[in-house]
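Trainee: There's a structure below that I have some questions on.
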Protein chains: 4
Amino acid sequence: MVGGGDGAFIGAVHRIAARLDDCYELVAGALSSQPARAAASAAGIRLAPERSYADYAEMARCEAARPDGIDVVAIVTPNYLHAPVATAFLEQGIHVICDKPLAITLAEGEALAALALSKRRVFALTHVYAGYPMVRHARAMVAAGDIGEVRLVHVEYAQDWLAEAANQGADYQKNNWHNDPLRAGAAGCLGDIGSHAYHLAAFVSGMQPDQVLDDHVQVMLRYPNGARGMLWSSQMATGCENALRLRVYGSKASLAFDQENPNQLWMTPQGGTAQRLTRGRVRGSAAEAVTRVPSGHPEGYLEAFAQLYRDAAAQIIAVETGQAMQSHALDMPDVGDGVAGLRFMDAVLESDRRGSSWVALRA
Amino acid sequence: MVGGGDGAFIGAVHRIAARLDDCYELVAGALSSQPARAAASAAGIRLAPERSYADYAEMARCEAARPDGIDVVAIVTPNYLHAPVATAFLEQGIHVICDKPLAITLAEGEALAALALSKRRVFALTHVYAGYPMVRHARAMVAAGDIGEVRLVHVEYAQDWLAEAANQGADYQKNNWHNDPLRAGAAGCLGDIGSHAYHLAAFVSGMQPDQVLDDHVQVMLRYPNGARGMLWSSQMATGCENALRLRVYGSKASLAFDQENPNQLWMTPQGGTAQRLTRGRVRGSAAEAVTRVPSGHPEGYLEAFAQLYRDAAAQIIAVETGQAMQSHALDMPDVGDGVAGLRFMDAVLESDRRGSSWVALRA
Amino acid sequence: MVGGGDGAFIGAVHRIAARLDDCYELVAGALSSQPARAAASAAGIRLAPERSYADYAEMARCEAARPDGIDVVAIVTPNYLHAPVATAFLEQGIHVICDKPLAITLAEGEALAALALSKRRVFALTHVYAGYPMVRHARAMVAAGDIGEVRLVHVEYAQDWLAEAANQGADYQKNNWHNDPLRAGAAGCLGDIGSHAYHLAAFVSGMQPDQVLDDHVQVMLRYPNGARGMLWSSQMATGCENALRLRVYGSKASLAFDQENPNQLWMTPQGGTAQRLTRGRVRGSAAEAVTRVPSGHPEGYLEAFAQLYRDAAAQIIAVETGQAMQSHALDMPDVGDGVAGLRFMDAVLESDRRGSSWVALRA
Amino acid sequence: MVGGGDGAFIGAVHRIAARLDDCYELVAGALSSQPARAAASAAGIRLAPERSYADYAEMARCEAARPDGIDVVAIVTPNYLHAPVATAFLEQGIHVICDKPLAITLAEGEALAALALSKRRVFALTHVYAGYPMVRHARAMVAAGDIGEVRLVHVEYAQDWLAEAANQGADYQKNNWHNDPLRAGAAGCLGDIGSHAYHLAAFVSGMQPDQVLDDHVQVMLRYPNGARGMLWSSQMATGCENALRLRVYGSKASLAFDQENPNQLWMTPQGGTAQRLTRGRVRGSAAEAVTRVPSGHPEGYLEAFAQLYRDAAAQIIAVETGQAMQSHALDMPDVGDGVAGLRFMDAVLESDRRGSSWVALRA
């Protein structure tokens with residue numbers, strides 16, 4: 001693991017996710033770039049001292065050289081380090097599980113995608129919400145034509161913590177790298193949570209828009225098939241906790257998913273009655289393959305996160321052994337999804353620069 | 001009443017609304033422009049034969065001439081007749097309750113507004129959703145500053161019946177004047193239900209946008225104070241019944257209202273806990289004045305409609321007697337709201353003509 | 001109308017209900033037993049002075065004698081007067097619409113049932129919740145076998161206003177006849193709202209229990225077919241507004257209805273997915289016959305009340321004209337339902353007297 | 001671990017729970033009483049072969065004798081083995097984490113409680129629902145007097161899988177030890193899920209009833225302070241997944257919790273507005289201490305289960321080191337809760353034997 005020293009929220013989440021299904025053993029880390037903090041953090045999670053590093057590049061070299069070196073690295077640093085760290089490990093032939101966003105520029109992201117491809121390494125990107133069983137079920141329903149042709153895609157991701165931050169004044173903002181364009185990328189809220197919303201919409205609908213128009217992270221979407229869409233993202237949406245919601249309207253039925261209630265998926269046929277599909281009750285291999293406990297026993301965010309680790313393990317085992325891969329692993333978000341997200345962000349920022357006009361999205 | 005012959009849905013609704021609070025007596029009508037249907041319809045609701053007309057202009061003249069002539073006319077014709085019928089009755093000094101939209105062109109609407117003003121007649125426009133107690137409470141909360149400065153306004157109105165209609169083929173479409181631009185106005189879905197959404201957003205937020213950009217009745221809104229908004233309206237939203245929903249995010253709290261559950265209003269303070277405010281339990285004169293039955297005894301669409309009739313009655317009595325008006329009557333949508341809605345529709349259509357670019361909205 | 005003078009809540013509700021569908025004209029009343037209040041109340045609703053009475057017995061006699069006398073009387077007095085007033089009008093051959101409960105003793109109720117039968121008069125009892133379209137749909141589904149054999153019936157009716165009252169002290173209690181056993185009947189909360197719960201459960205399930213056991217208006221039910229049930233009623237259920245809820249579990253599916261959300265009915269097949277059936281979207285003559293406005297346009301308590309008036313009108317017309325009756329009118333709660341409710345209350349009170357033991361319910 | 005061989009659902013859940021917070025290492029097991037299955041199961045989870053046993057008594061002896069022997073055993077066998085297995089390990093001075101119910105007879109349970117006390121060993125009983133943060137918050141609110149005096153406790157736990165089983169015929173039933181009285185205890189559904197419901201009600205309300213009356217696992221409760229209650233449990237409740245719901249009505253406010261939506265707790269003050277309290281937003285040490293991820297990121301069943309393991313670890317560390325215990329660990333269900341549950345089941349079964357009459361519950 002690179003990043004994830006004491007007190008880092010997402011590092012702890014990654015470690016739980018890695019443990020949950022017992023597919024990984026954590027044996028080495030560059031948990032912090034400050035040597036003392038790195039060592040203390042490593043001790044806190046019982047890493048052997050000789051496999052605790054303060055420099056990720058050294059870790060990549062040393063671990064690649066060890067006979068018992070790591071197979072895969074988890075990258076949980078601030079955003080601006082995702083690309084250089086991933087590059088260092090890919091160069092050494094080590095698989096990568098990387099927190100999103102993939103990189104802070106599209107160029108970096110495209111270079112990573114090319115590198116992962118040439119090195120034939122697995123590159124998982126933790127768009128966690130793609131790990132929910134009901135999201136996978138939604139994706140499978142759309143792909144199977146169950147809702148007909150997609151006509152409308154509405155996705156939103158709203159939180160209120162920056163409104164809180166604003167009340168707490170400048171210091172809080174300064175100390176949080178999420179709000180620092182140099183470390184988080186230019187896109188702020190868009191990169192932080194808008195990228196999740198974009199991925200979720202694309203993951204379920206199976207479509208990427210070809211034109212966008214943005215005004216304050218209210219983004220209009222036009223799809224090649226004539227469908228329309230909306231993406232809204234805000235971290236100043238008063239009263240919202242982690243309100244990621246997707247609606248997809250097809251010619252036969254519509255789907256609605258709310259991340260805060262992830263064990264449900266609403267499906268309403270045209271002119272008909274809303275049905276509350278639930279994890280554990282839906283029949284369909286996409287959801288069943290990633291379901292751990294019976295219906296009515298809620299799964300949550302950590303299980304979704306763990307699913308991506310499980311998918312990555314399945315892909316790595318398939319690559320390393322040449323065996324066939326379990327089908328659920330194909331749903332793992334990867335470096336290609338990361339590039340698509342960066343293209344979207346670039347186009348949105350371009351729309352802003354042009355006074356909120358329509359901008360084509362590169363395919 | 002003009003319009004509302006046998007089988008006309010909205011005419012029957014207006015008659016129920018007028019009866020519900022016992023403020024009106026229905027004594028005359030031009031229920032249809034076909035004499036036989038007009039007479040049969042009038043007999044069906046026990047109008048005296050001599051006060052059943054087939055020509056609204058004749059009705060306006062004759063009723064104005066009778067000592068026991070009508071005080072107020074309800075106009076429930078197809079949209080294109082709203083303006084000429086209203087003009088005929090206003091010219092005779094008769095108050096008007098008119099179904100929405102006000103007219104099919106902005107010019108017509110502005111002329112009506114001027115006429116109503118010069119004649120000092122009450123002109124109620126039945127934007128029915130403004131009659132719900134919890135909508136009035138929301139408006140009062142915003143006006144009182146309870147949610148702070150408004151930053152975001154999201155409103156949507158989605159139905160699926162045109163998707164149904166598409167499946168039923170062309171005849172259904174042809175025979176339904178809602179889908180005929182000459183009789184319904186140019187705006188189609190925008191005029192039919194988008195105008196309700198626009199009014200609701202303005203009614204609660206107290207704000208009109210000054211710029212709009214439209215793409216397939218997904219409309220981005222910019223407000224003079226820097227707030228942003230979205231209005232979405234569709235009659236092909238698979239699975240939606242009558243999904244009119246409003247969210248207003250302020251600096252202190254947010255509000256959310258869903259027309260299909262109109263006895264509730266959700267209020268969430270920044271960083272806090274969502275509260276389900278209910279009709280009959282909220283303390284506040286705006287809601288209390290228009291509440292008929294105790295909390296937990298649901299009121300619905302017909303009561304909201306009846307409220308507008310009650311408001312109009314209160315305004316008419318105040319105008320006729322010179323007495324002070326009950327405060328609830330000030331919340332009645334009127335000819336000015338109709339003009340604002342027509343301006344909005346004009347700007348939206350202009351945005352379309354310009355390839356979905358930003359268009360200024362006349363104040 | 002007997003009862004329903006100025007300020008009486010339920011009297012006003014009955015008048016709205018009678019007006020809503022335009023089947024009735026209110027022409028006479030004994031609105032209060034205090035002559036001055038009776039006269040003032042009558043004037044307030046524009047009754048002719050000669051048809052305002054202070055004595056219900058006089059009203060029954062005089063109206064029966066008039067050529068234009070009333071066809072039907074609505075009784076909205078305190079409970080203890082229901083039986084004597086109904087008797088007076090039935091004796092004169094006048095149909096009756098009576099607020100619930102039917103009477104304050106079972107003997108009174110049985111006498112009324114016998115009288116109504118012998119006089120061949122319609123006797124509607126306003127168990128209002130039987131007027132909701134989705135309740136009628138639930139009843140029809142059970143009757144058609146759609147949920148299989150009924151195994152469990154859970155009904156509850158919870159309010160919190162007596163907890164409020166307790167805080168407001170004795171005066172409030174003293175002045176409210178609902179809390180006076182002599183005027184409200186012995187049963188208190190049981191008679192006031194428990195009787196509604198009992199009727200709703202019987203109306204939908206089509207079954208009457210044959211044994212009951214009560215502890216503080218938590219009542220266990222045993223049905224002849226081996227099914228079990230629970231009825232709970234409280235007016236001190238903190239935070240509850242008007243929480244009447246019914247669940248019926250059959251061998252094939254279950255149904256759930258919540259009066260505070262009356263446009264919905266939840267149906268879940270065994271092992272399957274919950275479906276939210278909605279008024280206006282369900283296909284079935286029971287619901288369709290009593291639906292006024294399209295799906296998504298909420299109907300509420302007043303429309304349910306009006307439905308019972310509409311049913312009564314249909315029954316009266318059929319009796320008076322000999323014509324066939326519209327089928328929806330057969331769902332009207334009547335004097336027989338009132339007797340069943342009184343039998344239930346008697347058995348519950350008997351269970352209390354015996355220290356909460358099982359008591360057989362007379363068929 | 002004892003029990004939990006390949007394919008055993010609850011064994012896998014316990015292992016995830018143990019891993020999730022990284023407080024445990026699984027080093028030994030008697031995963032099955034069939035030697036071959038035990039060995040294969042142990043290999044499947046990478047136990048050292050010498051620490052895989054087919055006999056739990058041998059495991060207890062051998063592990064106690066090893067210098068690196070286990071500190072604590074997790075018991076996930078069929079119910080009838082809980083007591084003998086726990087006894088064997090307690091006798092060897094090994095702490096116990098035991099699936100519920102504690103035992104299949106009250107006598108066994110009381111003996112276990114005495115043994116654990118005399119041995120001063122930690123005895124965790126996995127009433128998993130006590131691990132939810134919002135359940136802990138509810139308990140803390142009641143204890144702090146936030147809802148006033150408790151007047152009513154309604155708890156229910158409904159599933160539909162036995163209705164499924166009935167349709168699948170006798171074989172399924174025969175092969176499932178949950179339905180075999182000899183292995184599951186006499187109580188069937190009552191022991192299987194009713195015991196969870198009972199624990200949840202007691203855990204939150206802080207009260208044990210002193211009288212019960214049962215009819216088909218509809219149980220009436222009377223509490224020493226005069227409060228009343230209801231417990232209903234069924235595994236033939238058509239359409240129910242895992243519907244464990246608790247409502248507690250106090251003199252000041254009511255609480256409602258639904259296990260299928262465990263990140264929420266509804267609190268409604270008397271006469272007031274329902275508030276949706278959420279995990280991560282409530283301020284209160286009981287919930288905050290057991291919350292892993294921020295509000296809006298759902299936690300679920302596995303996290304609740306893991307919490308009990310975390311509580312047990314905290315208790316064991318405190319016992320072994322003499323250090324002060326973290327306060328959250330005091331909320332861990334233990335052998336005393338197990339005894340209380342068995343007393344409740346005994347009284348319920350006694351009520352059945354006496355024809356559903358009132359039975360006193362031993363304190």
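Just so we're on the same page: first chain in the structure tokens is A, next is B, and so on; residues restart at 1 for each chain, and ligands are numbered from 1 in the order they show up.
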Dump as a VMD selection string the residues of chain C that approach chain B to within 10 Å, counting only C-alpha atoms.

Mentor: chain C and resid 9 to 10 12 to 13 15 to 22 45 159 240 to 244 259 to 263 278 280 to 281 292 to 303

Trainee: Save out the residues we just selected, N, CA and C atoms, as a compact mmCIF listing (two decimals), in the first residue's frame.

Mentor:
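Dumped to again_35.txt:
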```
# COMPACT_ATOMS: atom_id res chain seq x y z
N PHE C 9 -66.38 19.60 13.91
CA PHE C 9 -65.49 19.15 12.85
C PHE C 9 -66.18 18.17 11.90
N ILE C 10 -66.76 17.12 12.46
CA ILE C 10 -67.21 16.04 11.58
C ILE C 10 -68.43 16.44 10.77
N ALA C 12 -68.89 19.36 9.37
CA ALA C 12 -68.37 20.04 8.18
C ALA C 12 -67.83 19.03 7.18
N VAL C 13 -67.16 18.00 7.68
CA VAL C 13 -66.63 16.97 6.79
C VAL C 13 -67.77 16.28 6.04
N ARG C 15 -70.63 17.50 5.30
CA ARG C 15 -71.22 18.40 4.30
C ARG C 15 -70.33 18.48 3.05
N ILE C 16 -69.02 18.56 3.25
CA ILE C 16 -68.13 18.55 2.09
C ILE C 16 -68.32 17.25 1.31
N ALA C 17 -68.36 16.13 2.05
CA ALA C 17 -68.50 14.82 1.39
C ALA C 17 -69.78 14.75 0.58
N ALA C 18 -70.84 15.32 1.14
CA ALA C 18 -72.13 15.28 0.44
C ALA C 18 -72.10 16.14 -0.83
N ARG C 19 -71.38 17.26 -0.76
CA ARG C 19 -71.31 18.17 -1.91
C ARG C 19 -70.42 17.65 -3.02
N LEU C 20 -69.36 16.95 -2.63
CA LEU C 20 -68.25 16.74 -3.55
C LEU C 20 -68.68 16.14 -4.87
N ASP C 21 -69.56 15.12 -4.79
CA ASP C 21 -69.96 14.47 -6.04
C ASP C 21 -71.33 14.93 -6.51
N ASP C 22 -71.86 15.95 -5.86
CA ASP C 22 -73.08 16.62 -6.33
C ASP C 22 -74.27 15.67 -6.37
N ILE C 45 -75.21 28.19 6.92
CA ILE C 45 -75.08 27.35 5.72
C ILE C 45 -76.30 27.50 4.81
N GLN C 159 -52.77 7.20 17.38
CA GLN C 159 -52.75 8.66 17.39
C GLN C 159 -52.04 9.10 18.67
N CYS C 240 -47.61 9.80 16.77
CA CYS C 240 -48.48 9.30 15.69
C CYS C 240 -49.57 10.31 15.37
N GLU C 241 -49.83 10.51 14.10
CA GLU C 241 -50.87 11.44 13.68
C GLU C 241 -52.19 10.69 13.50
N ASN C 242 -52.30 9.94 12.46
CA ASN C 242 -53.53 9.19 12.22
C ASN C 242 -53.15 7.86 11.57
N ALA C 243 -52.34 7.11 12.29
CA ALA C 243 -51.60 5.98 11.74
C ALA C 243 -52.44 4.70 11.76
N LEU C 244 -53.33 4.61 10.78
CA LEU C 244 -54.14 3.41 10.57
C LEU C 244 -53.46 2.57 9.50
N GLN C 259 -53.02 4.31 5.84
CA GLN C 259 -54.01 5.34 5.59
C GLN C 259 -53.39 6.70 5.33
N GLU C 260 -52.21 6.96 5.88
CA GLU C 260 -51.59 8.27 5.66
C GLU C 260 -51.01 8.39 4.26
N ASN C 261 -51.00 7.32 3.52
CA ASN C 261 -50.50 7.31 2.15
C ASN C 261 -51.48 6.51 1.30
N PRO C 262 -52.72 7.02 1.17
CA PRO C 262 -53.81 6.14 0.75
C PRO C 262 -53.88 5.86 -0.74
N ASN C 263 -53.02 6.50 -1.52
CA ASN C 263 -53.05 6.24 -2.96
C ASN C 263 -52.19 5.04 -3.34
N THR C 278 -50.75 1.58 -7.38
CA THR C 278 -51.24 2.94 -7.16
C THR C 278 -52.63 3.14 -7.75
N GLY C 280 -55.34 4.54 -9.82
CA GLY C 280 -55.30 5.07 -11.18
C GLY C 280 -54.48 4.17 -12.10
N ARG C 281 -53.60 3.36 -11.52
CA ARG C 281 -52.83 2.43 -12.35
C ARG C 281 -53.31 1.00 -12.18
N ARG C 292 -61.50 9.24 -8.94
CA ARG C 292 -61.99 10.48 -9.57
C ARG C 292 -60.96 11.11 -10.50
N VAL C 293 -59.71 11.11 -10.08
CA VAL C 293 -58.69 11.83 -10.85
C VAL C 293 -57.57 10.84 -11.22
N PRO C 294 -56.77 11.18 -12.23
CA PRO C 294 -55.79 10.20 -12.73
C PRO C 294 -54.72 9.88 -11.70
N SER C 295 -53.99 8.81 -11.99
CA SER C 295 -52.90 8.38 -11.12
C SER C 295 -51.92 9.52 -10.94
N GLY C 296 -51.35 9.59 -9.76
CA GLY C 296 -50.38 10.63 -9.46
C GLY C 296 -50.99 11.93 -8.98
N HIS C 297 -52.30 12.05 -9.07
CA HIS C 297 -53.02 13.21 -8.54
C HIS C 297 -53.69 12.73 -7.25
N PRO C 298 -53.08 12.99 -6.12
CA PRO C 298 -53.52 12.34 -4.88
C PRO C 298 -54.97 12.62 -4.51
N GLU C 299 -55.66 11.56 -4.16
CA GLU C 299 -56.96 11.72 -3.49
C GLU C 299 -56.75 11.47 -2.00
N GLY C 300 -57.71 11.91 -1.19
CA GLY C 300 -57.48 11.82 0.25
C GLY C 300 -58.74 11.46 1.02
N TYR C 301 -58.72 11.92 2.25
CA TYR C 301 -59.74 11.60 3.23
C TYR C 301 -61.13 12.10 2.82
N LEU C 302 -61.17 13.30 2.30
CA LEU C 302 -62.49 13.85 1.95
C LEU C 302 -63.10 13.09 0.77
N GLU C 303 -62.29 12.68 -0.17
CA GLU C 303 -62.79 11.90 -1.30
C GLU C 303 -63.29 10.53 -0.83
```

Trainee: Could you name the residues that touch stretch 195-208 of chain C at 9 Å or less, counting only C-alpha atoms, but leaving out those on the same chain fewer than 6 positions away, as a PyMOL selection string?

Mentor: chain C and resi 100-101+127-130+135-143+150+153-157+189+222-224+231-233+244-248+331+333+337-338+340-342+344-345+361+363

Trainee: Residues near A:Val339, anyone? I mean within 8 Å using only C-alpha atoms, not counting same-chain ones fewer than 5 positions away, as a count of residues only.

Mentor: 5
